[in-house]
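Visitor: First the structure, then my questions, so here it is.
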Amino acid sequence: MSKLYTFLKYFFITFWTVFVVAPFLWAVSTSFKDFQSVNSKVTYIPWLDFEPTLEGWRVLIKSPAKGGVDIVEPYFNSIFVTCTASLISIVLGTLAAYALSRFTFKAGFVRNNDITFFFISQRIMPPIVLSIPFFIFLSTIGLLDSLLGLVVVYIVLLMPIAVWIMVDFFNRVPKELDETALIDGCNPYQAFYKVVLPNSIPGLIVAGMFCIIFGWIDFFFAFILTFTEVQLLPVKVVALNSSITPWWSLSASALISVAPLIIVAFIVERYLSKGNLSGALK
Amino acid sequence: MNFKHKFVFLFPGLFVLIGILIFPIIFTIRLSLSGWNSYTPEMNFIGITNYIRLFTDDPRFWESFFRLSFLSVTTVILQYVIGFALAMMVWREIKFKRFFRVIFLVPMMTTPVIMTVIWRTFFHESLGPVNDLLGGLGVKPILWLSDPVIAKFTVIIVEVWQWTPFMFLLLLAGLLSLPKEPFLAAAIDGASPLRKFVYVTFPLMAPISIGAIIIRLIEASKIMDTVFVLTSGGPGTATETSSFYIYIKGLREFQMGYAATLSFTYLVIMIISLTIIAKVLTKLMIKE
């Protein structure tokens, strides 16, 4: 019985690992192919099945005028928009979460939970519902097709995540902590800044990582709200997926775009193993 | 504590969010009462004509809605079962534990729309590796993207690949934070692993499970990127979800007014049904 269980367990783990890794291996292999080795028959292993070439990677840094793709600028745009929006969301979200965790609000039938729900419920809205009004909104204030416009939109996307994680986290930070600080003569802001915040770093890191993930992976808003002036990475990569798809540069650009966040997987795992994440994510 | 301080903490975030959202929401409601389309691009007032059209004369929207329900519920159940199984397996000591944890987390860090582009070449019916390898085993080429039934499952496979890690992460974090005492008690009583799971682990995990399922349902109901790149809603309308249908009406056919009607109706249905699901799940999973 227990032998069978162990066998099944390792079988399942192996199966899932292969399933997770397969598309990446395929993309790595494809990124070194040329037209011939993609379109004649299915090939897998470089040198054995096909002659590898660096062309797929080279076009990524060439300027479009020379027939390249140039993903350098979109790359930096993506980093800028994701980081700025995450930072603003974390700051505002953490403050709001602290208020919702420590004080009681009462306005008509609205209580703390309703305000928290209001924040989190913004995630229910599918991007398409917001994209049409945002399109008109941003064109009215002249921010269509600009980095700043995207940052504004991404705040709506990310602040709910920050509030969700931080409210839960602050609920776990003992209230005595701030009370002691207040008795010691701090005002509420000092208590928050000097005592609560330093004790909330694991929560802040988790919230930050989630904001960065969900900002980095957004496609639809960037797709609808930008055209030529500003391009974000996902839009640029998907644009390659046209009628005659260059599978090699597509794979190369896809790998480069997903690479930075894979580091996040290692950080998350570290926190899991140290037990710091459990408190922040329950 | 002094009471005016609490507003200083809450209001910046609250007002920024409301400030950004108030226009889109009011605008959507107002737009849904207009006949804005490519012939008359103006904010006229046609009352509830759009809503009447939606409820009496648009089976395609309701079909897309039921398709979405099917896709999101199926993917979330699969993600929950697989995510829970994976979390259980790397919860306790196992060889290469940290390696597997990282591997299981990786897909959620990747951009769905970009990975879907890769999946599209992966499932390519004549040049993709899946059909080629299956062909080696003597299986006839499977129409992953052009058969109306199979295309739905291809979408499900990609969604499960992408988001099982999220479920896995929430459940593993939950497992790691469980108190030790109940497990010791069960061990002393000599409970079998199965009984331990049914009577100790699962009940303790119920609140975390509910939270994780609701969050995933919210996110899964927005399935759009995957469909957009993988199948464009096709073949025909076989994988068209509500979001995608609204996208077609609004930004391809420019029936802005009608698209706003769809958006608003969709939003109301989603908020109501997610609230009901949350209540029912809580009842079902927490007995006491």
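Identifiers for the structure tokens are assigned positionally: chains receive A, B, ... in sequence, residues are indexed from 1 per chain, and ligands are indexed from 1 in the order shown.
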Hey, list the chain A side of the contact with chain B: 7 Å cut-off, only C-alpha atoms, answer as a PDB file with N, CA and C atoms, in the first residue's frame.

Guide:
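This went into part04.pdb:
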```pdb
ATOM      1  N   THR A  17       6.303  17.892 -13.354  1.00  0.00           N
ATOM      2  CA  THR A  17       7.529  18.635 -13.660  1.00  0.00           C
ATOM      3  C   THR A  17       7.755  18.683 -15.168  1.00  0.00           C
ATOM      4  N   VAL A  20       5.333  21.113 -16.696  1.00  0.00           N
ATOM      5  CA  VAL A  20       5.680  22.511 -16.456  1.00  0.00           C
ATOM      6  C   VAL A  20       6.838  22.942 -17.355  1.00  0.00           C
ATOM      7  N   PRO A  23       6.941  23.382 -22.246  1.00  0.00           N
ATOM      8  CA  PRO A  23       6.883  24.539 -23.157  1.00  0.00           C
ATOM      9  C   PRO A  23       8.162  25.360 -23.163  1.00  0.00           C
ATOM     10  N   ALA A  27      10.461  26.106 -26.340  1.00  0.00           N
ATOM     11  CA  ALA A  27      10.769  27.479 -26.734  1.00  0.00           C
ATOM     12  C   ALA A  27      12.275  27.670 -26.890  1.00  0.00           C
ATOM     13  N   ASN A  39       9.721  24.682 -40.533  1.00  0.00           N
ATOM     14  CA  ASN A  39       8.629  24.393 -41.450  1.00  0.00           C
ATOM     15  C   ASN A  39       8.715  23.076 -42.212  1.00  0.00           C
ATOM     16  N   LYS A  41       9.867  19.783 -40.977  1.00  0.00           N
ATOM     17  CA  LYS A  41       9.247  18.810 -40.082  1.00  0.00           C
ATOM     18  C   LYS A  41       9.548  19.206 -38.640  1.00  0.00           C
ATOM     19  N   VAL A  42       8.930  18.518 -37.695  1.00  0.00           N
ATOM     20  CA  VAL A  42       9.137  18.879 -36.298  1.00  0.00           C
ATOM     21  C   VAL A  42      10.522  18.440 -35.850  1.00  0.00           C
ATOM     22  N   LEU A  92      -0.085  53.341  -1.050  1.00  0.00           N
ATOM     23  CA  LEU A  92      -1.470  53.685  -0.748  1.00  0.00           C
ATOM     24  C   LEU A  92      -2.219  52.500  -0.144  1.00  0.00           C
ATOM     25  N   GLY A  93      -1.973  51.319  -0.704  1.00  0.00           N
ATOM     26  CA  GLY A  93      -2.666  50.121  -0.232  1.00  0.00           C
ATOM     27  C   GLY A  93      -2.297  49.778   1.201  1.00  0.00           C
ATOM     28  N   LEU A  95      -1.219  51.858   3.575  1.00  0.00           N
ATOM     29  CA  LEU A  95      -1.840  52.835   4.477  1.00  0.00           C
ATOM     30  C   LEU A  95      -3.310  52.481   4.692  1.00  0.00           C
ATOM     31  N   ALA A  96      -4.026  52.236   3.585  1.00  0.00           N
ATOM     32  CA  ALA A  96      -5.446  51.926   3.691  1.00  0.00           C
ATOM     33  C   ALA A  96      -5.652  50.637   4.473  1.00  0.00           C
ATOM     34  N   ALA A  99      -5.336  51.237   8.154  1.00  0.00           N
ATOM     35  CA  ALA A  99      -6.538  51.865   8.684  1.00  0.00           C
ATOM     36  C   ALA A  99      -7.645  50.836   8.850  1.00  0.00           C
ATOM     37  N   PHE A 103      -8.590  50.526  12.827  1.00  0.00           N
ATOM     38  CA  PHE A 103      -9.655  51.426  13.273  1.00  0.00           C
ATOM     39  C   PHE A 103     -11.004  50.882  12.828  1.00  0.00           C
ATOM     40  N   ILE A 124     -12.733  41.856  -9.682  1.00  0.00           N
ATOM     41  CA  ILE A 124     -13.772  41.116 -10.399  1.00  0.00           C
ATOM     42  C   ILE A 124     -13.950  41.667 -11.810  1.00  0.00           C
ATOM     43  N   MET A 125     -13.743  42.971 -11.961  1.00  0.00           N
ATOM     44  CA  MET A 125     -13.988  43.582 -13.264  1.00  0.00           C
ATOM     45  C   MET A 125     -13.035  43.044 -14.310  1.00  0.00           C
ATOM     46  N   PRO A 126     -13.562  42.481 -15.386  1.00  0.00           N
ATOM     47  CA  PRO A 126     -12.660  42.054 -16.441  1.00  0.00           C
ATOM     48  C   PRO A 126     -12.092  43.286 -17.142  1.00  0.00           C
ATOM     49  N   ILE A 128     -11.802  44.124 -20.057  1.00  0.00           N
ATOM     50  CA  ILE A 128     -12.551  44.631 -21.199  1.00  0.00           C
ATOM     51  C   ILE A 128     -13.619  45.636 -20.755  1.00  0.00           C
ATOM     52  N   VAL A 129     -14.228  45.404 -19.575  1.00  0.00           N
ATOM     53  CA  VAL A 129     -15.277  46.295 -19.097  1.00  0.00           C
ATOM     54  C   VAL A 129     -14.716  47.698 -18.872  1.00  0.00           C
ATOM     55  N   LEU A 130     -13.489  47.747 -18.338  1.00  0.00           N
ATOM     56  CA  LEU A 130     -12.901  49.044 -18.031  1.00  0.00           C
ATOM     57  C   LEU A 130     -12.207  49.671 -19.229  1.00  0.00           C
ATOM     58  N   PRO A 133     -14.238  52.651 -21.346  1.00  0.00           N
ATOM     59  CA  PRO A 133     -14.252  53.954 -20.677  1.00  0.00           C
ATOM     60  C   PRO A 133     -12.872  54.525 -20.397  1.00  0.00           C
ATOM     61  N   PHE A 134     -11.906  53.667 -20.064  1.00  0.00           N
ATOM     62  CA  PHE A 134     -10.553  54.164 -19.823  1.00  0.00           C
ATOM     63  C   PHE A 134      -9.983  54.788 -21.091  1.00  0.00           C
ATOM     64  N   VAL A 156      -5.288  50.727 -10.477  1.00  0.00           N
ATOM     65  CA  VAL A 156      -6.567  50.064 -10.221  1.00  0.00           C
ATOM     66  C   VAL A 156      -6.395  48.552 -10.182  1.00  0.00           C
ATOM     67  N   ILE A 213       4.149  40.817 -10.157  1.00  0.00           N
ATOM     68  CA  ILE A 213       3.711  39.736 -11.044  1.00  0.00           C
ATOM     69  C   ILE A 213       2.495  40.183 -11.855  1.00  0.00           C
ATOM     70  N   ILE A 217       2.425  40.858 -15.986  1.00  0.00           N
ATOM     71  CA  ILE A 217       1.772  39.915 -16.882  1.00  0.00           C
ATOM     72  C   ILE A 217       0.542  40.497 -17.548  1.00  0.00           C
ATOM     73  N   PHE A 219      -1.771  42.158 -20.157  1.00  0.00           N
ATOM     74  CA  PHE A 219      -1.638  42.348 -21.596  1.00  0.00           C
ATOM     75  C   PHE A 219      -2.730  43.268 -22.123  1.00  0.00           C
ATOM     76  N   PRO A 234       4.541  42.552 -23.508  1.00  0.00           N
ATOM     77  CA  PRO A 234       3.610  41.523 -23.987  1.00  0.00           C
ATOM     78  C   PRO A 234       2.995  41.877 -25.337  1.00  0.00           C
ATOM     79  N   VAL A 237       5.513  41.292 -28.102  1.00  0.00           N
ATOM     80  CA  VAL A 237       5.735  39.873 -28.407  1.00  0.00           C
ATOM     81  C   VAL A 237       4.542  39.298 -29.160  1.00  0.00           C
ATOM     82  N   VAL A 238       3.332  39.640 -28.700  1.00  0.00           N
ATOM     83  CA  VAL A 238       2.146  39.094 -29.346  1.00  0.00           C
ATOM     84  C   VAL A 238       2.025  39.619 -30.777  1.00  0.00           C
ATOM     85  N   SER A 251       9.963  32.848 -29.978  1.00  0.00           N
ATOM     86  CA  SER A 251      10.377  32.061 -28.814  1.00  0.00           C
ATOM     87  C   SER A 251      11.447  32.790 -28.026  1.00  0.00           C
ATOM     88  N   ALA A 254       9.917  35.649 -26.168  1.00  0.00           N
ATOM     89  CA  ALA A 254       9.084  35.136 -25.078  1.00  0.00           C
ATOM     90  C   ALA A 254       9.958  34.728 -23.898  1.00  0.00           C
ATOM     91  N   VAL A 258       9.831  36.398 -20.027  1.00  0.00           N
ATOM     92  CA  VAL A 258       9.411  35.723 -18.806  1.00  0.00           C
ATOM     93  C   VAL A 258      10.565  35.481 -17.847  1.00  0.00           C
ATOM     94  N   LEU A 261      10.945  37.359 -14.065  1.00  0.00           N
ATOM     95  CA  LEU A 261      10.054  37.006 -12.963  1.00  0.00           C
ATOM     96  C   LEU A 261      10.295  35.605 -12.423  1.00  0.00           C
ATOM     97  N   ILE A 262      11.053  34.799 -13.199  1.00  0.00           N
ATOM     98  CA  ILE A 262      11.328  33.460 -12.683  1.00  0.00           C
ATOM     99  C   ILE A 262      12.189  33.560 -11.430  1.00  0.00           C
ATOM    100  N   ALA A 265      10.162  33.394  -8.416  1.00  0.00           N
ATOM    101  CA  ALA A 265       9.813  32.055  -7.932  1.00  0.00           C
ATOM    102  C   ALA A 265      10.807  31.594  -6.874  1.00  0.00           C
ATOM    103  N   PHE A 266      12.098  31.915  -7.086  1.00  0.00           N
ATOM    104  CA  PHE A 266      13.107  31.512  -6.105  1.00  0.00           C
ATOM    105  C   PHE A 266      12.922  32.267  -4.786  1.00  0.00           C
ATOM    106  N   GLU A 269       9.995  30.887  -2.909  1.00  0.00           N
ATOM    107  CA  GLU A 269      10.317  29.600  -2.309  1.00  0.00           C
ATOM    108  C   GLU A 269      11.139  29.785  -1.043  1.00  0.00           C
ATOM    109  N   LEU A 272       8.874  30.760   1.672  1.00  0.00           N
ATOM    110  CA  LEU A 272       8.071  29.609   2.084  1.00  0.00           C
ATOM    111  C   LEU A 272       8.861  28.742   3.038  1.00  0.00           C
ATOM    112  N   LEU A 277       6.242  33.301   4.789  1.00  0.00           N
ATOM    113  CA  LEU A 277       5.182  33.600   3.853  1.00  0.00           C
ATOM    114  C   LEU A 277       3.827  33.208   4.412  1.00  0.00           C
ATOM    115  N   SER A 278       3.834  32.146   5.225  1.00  0.00           N
ATOM    116  CA  SER A 278       2.563  31.595   5.691  1.00  0.00           C
ATOM    117  C   SER A 278       1.708  32.667   6.340  1.00  0.00           C
ATOM    118  N   LEU A 281       0.186  35.118   3.809  1.00  0.00           N
ATOM    119  CA  LEU A 281      -0.655  34.667   2.684  1.00  0.00           C
ATOM    120  C   LEU A 281      -1.907  33.909   3.102  1.00  0.00           C
ATOM    121  N   LYS A 282      -2.243  33.937   4.378  1.00  0.00           N
ATOM    122  CA  LYS A 282      -3.345  33.060   4.775  1.00  0.00           C
ATOM    123  C   LYS A 282      -4.703  33.690   4.594  1.00  0.00           C
TER     124      LYS A 282
END
```

Visitor: Quick one: everything within 8 Å of segment 221-226 of chain A, counting only C-alpha atoms, minus sequence neighbours fewer than 4 positions away in the same chain. Send it as a list in words.

Guide: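 After dropping sequence-adjacent residues, the list is Pro127, Ser131, Phe134, Phe135, Leu144, Asp145, Ser146, Leu150, Val153, Val230, Gln231, Leu232 and Val235 of chain A.
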
Visitor: Which is closest to Met159 of chain A among A:Ile256, A:Leu182, A:Val21, A:Ile212, if we use only C-alpha atoms?

Guide: A:Ile212

Visitor: List every residue of segment 47-207 of chain A that DSSP, applied to the backbone of this structure, assigns to helix (DSSP H, G or I), and report them as a PyMOL selection string.

Guide: chain A and resi 55-58+64-66+72-102+112-124+127-140+147-172+175-183+188-207

Visitor: Excluding Pro203 of chain B and residues on its chain fewer than 2 positions from it, collect all residues at most 12 Å away from it, counting only C-alpha atoms, and give them as JSON, numbers by chain.

Guide: {"B": [175, 178, 182, 195, 196, 197, 198, 199, 200, 201, 205, 206, 207, 208, 209, 210, 282, 284, 285, 286, 287, 288]}

Visitor: Between atom CA of Phe166 of chain B and atom CA of Arg216 of chain B, measure the distance and give it in Å to one decimal.

Guide: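 Interatomic distance, atom CA of Phe166 of chain B to atom CA of Arg216 of chain B: 8.1 Å.
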
Visitor: Using only C-alpha atoms for the distances, tell me which of A:Trp216, A:Tyr271, A:Trp247, A:Tyr98 is nearest to Val196 of chain A.

Guide: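 Of A:Trp216, A:Tyr271, A:Trp247, A:Tyr98, the one nearest Val196 of chain A is A:Tyr98, counting only C-alpha atoms.
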
Visitor: From a DSSP calculation on the backbone, collect every residue of segment 48-159 of chain A in strand (DSSP E or B) and output the set as a list in words.

Guide: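 Residues of segment 48-159 of chain A classed as strand (DSSP E or B): Phe50, Lys106, Ala107, Val110 and Arg111 of chain A.
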
Visitor: Take the residues just selected and output them with N, CA and C atoms as a PDB file, in the first residue's frame.

Guide:
```pdb
ATOM      1  N   PHE A  50      18.699  19.627 -36.212  1.00  0.00           N
ATOM      2  CA  PHE A  50      18.805  20.801 -37.080  1.00  0.00           C
ATOM      3  C   PHE A  50      20.065  21.570 -36.744  1.00  0.00           C
ATOM      4  N   LYS A 106     -17.492  53.547  10.205  1.00  0.00           N
ATOM      5  CA  LYS A 106     -18.928  53.340  10.246  1.00  0.00           C
ATOM      6  C   LYS A 106     -19.546  54.516   9.511  1.00  0.00           C
ATOM      7  N   ALA A 107     -20.203  54.249   8.400  1.00  0.00           N
ATOM      8  CA  ALA A 107     -20.877  55.314   7.675  1.00  0.00           C
ATOM      9  C   ALA A 107     -22.127  54.705   7.080  1.00  0.00           C
ATOM     10  N   VAL A 110     -22.212  51.027   5.897  1.00  0.00           N
ATOM     11  CA  VAL A 110     -20.863  50.626   5.479  1.00  0.00           C
ATOM     12  C   VAL A 110     -19.980  50.390   6.701  1.00  0.00           C
ATOM     13  N   ARG A 111     -19.362  49.205   6.753  1.00  0.00           N
ATOM     14  CA  ARG A 111     -18.423  48.878   7.822  1.00  0.00           C
ATOM     15  C   ARG A 111     -17.051  48.575   7.214  1.00  0.00           C
TER      16      ARG A 111
END
```

Visitor: Mind pulling up the distance from atom CA of Pro202 of chain A to atom CA of Leu204 of chain B?

Guide: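 Computing the Euclidean distance for atom CA of Leu204 of chain B and atom CA of Pro202 of chain A yields 23.7 Å.
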
Visitor: So that I can see what lies close to Leu54 of chain A, please list as a ChimeraX atom specification the residues with an atom at most 10 Å from it, counting only C-alpha atoms and leaving out residues fewer than 2 positions away in the same chain.

Guide: /A:31-34,52,56-59,248-249,252

Visitor: Could you write out that same residue set with C-alpha atoms as a short mmCIF file (atom, residue, chain, number, x, y, z; two decimals), in the first residue's frame?

Guide:
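The file below, result.cif, is the result:
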```cif
data_model
loop_
_atom_site.label_atom_id
_atom_site.label_comp_id
_atom_site.auth_asym_id
_atom_site.auth_seq_id
_atom_site.Cartn_x
_atom_site.Cartn_y
_atom_site.Cartn_z
CA SER A 31 14.58 29.97 -30.60
CA PHE A 32 17.68 28.53 -32.29
CA LYS A 33 15.90 27.32 -35.41
CA ASP A 34 15.60 28.90 -38.82
CA PRO A 52 21.23 25.91 -34.69
CA GLY A 56 16.15 34.50 -33.60
CA TRP A 57 18.05 36.18 -30.78
CA ARG A 58 19.91 38.64 -32.96
CA VAL A 59 16.80 40.34 -34.40
CA TRP A 248 12.39 31.56 -33.66
CA SER A 249 12.36 35.26 -32.69
CA ALA A 252 13.50 34.07 -28.06
#
```

Visitor: Neighbouring residues of Thr40 of chain B were defined as those with any atom within 12 Å, considering only C-alpha atoms; residues of the same chain fewer than 4 positions away were excluded. Please report them as JSON, numbers by chain.

Guide: {"B": [34, 35, 36, 44, 45, 254, 255, 256, 257]}
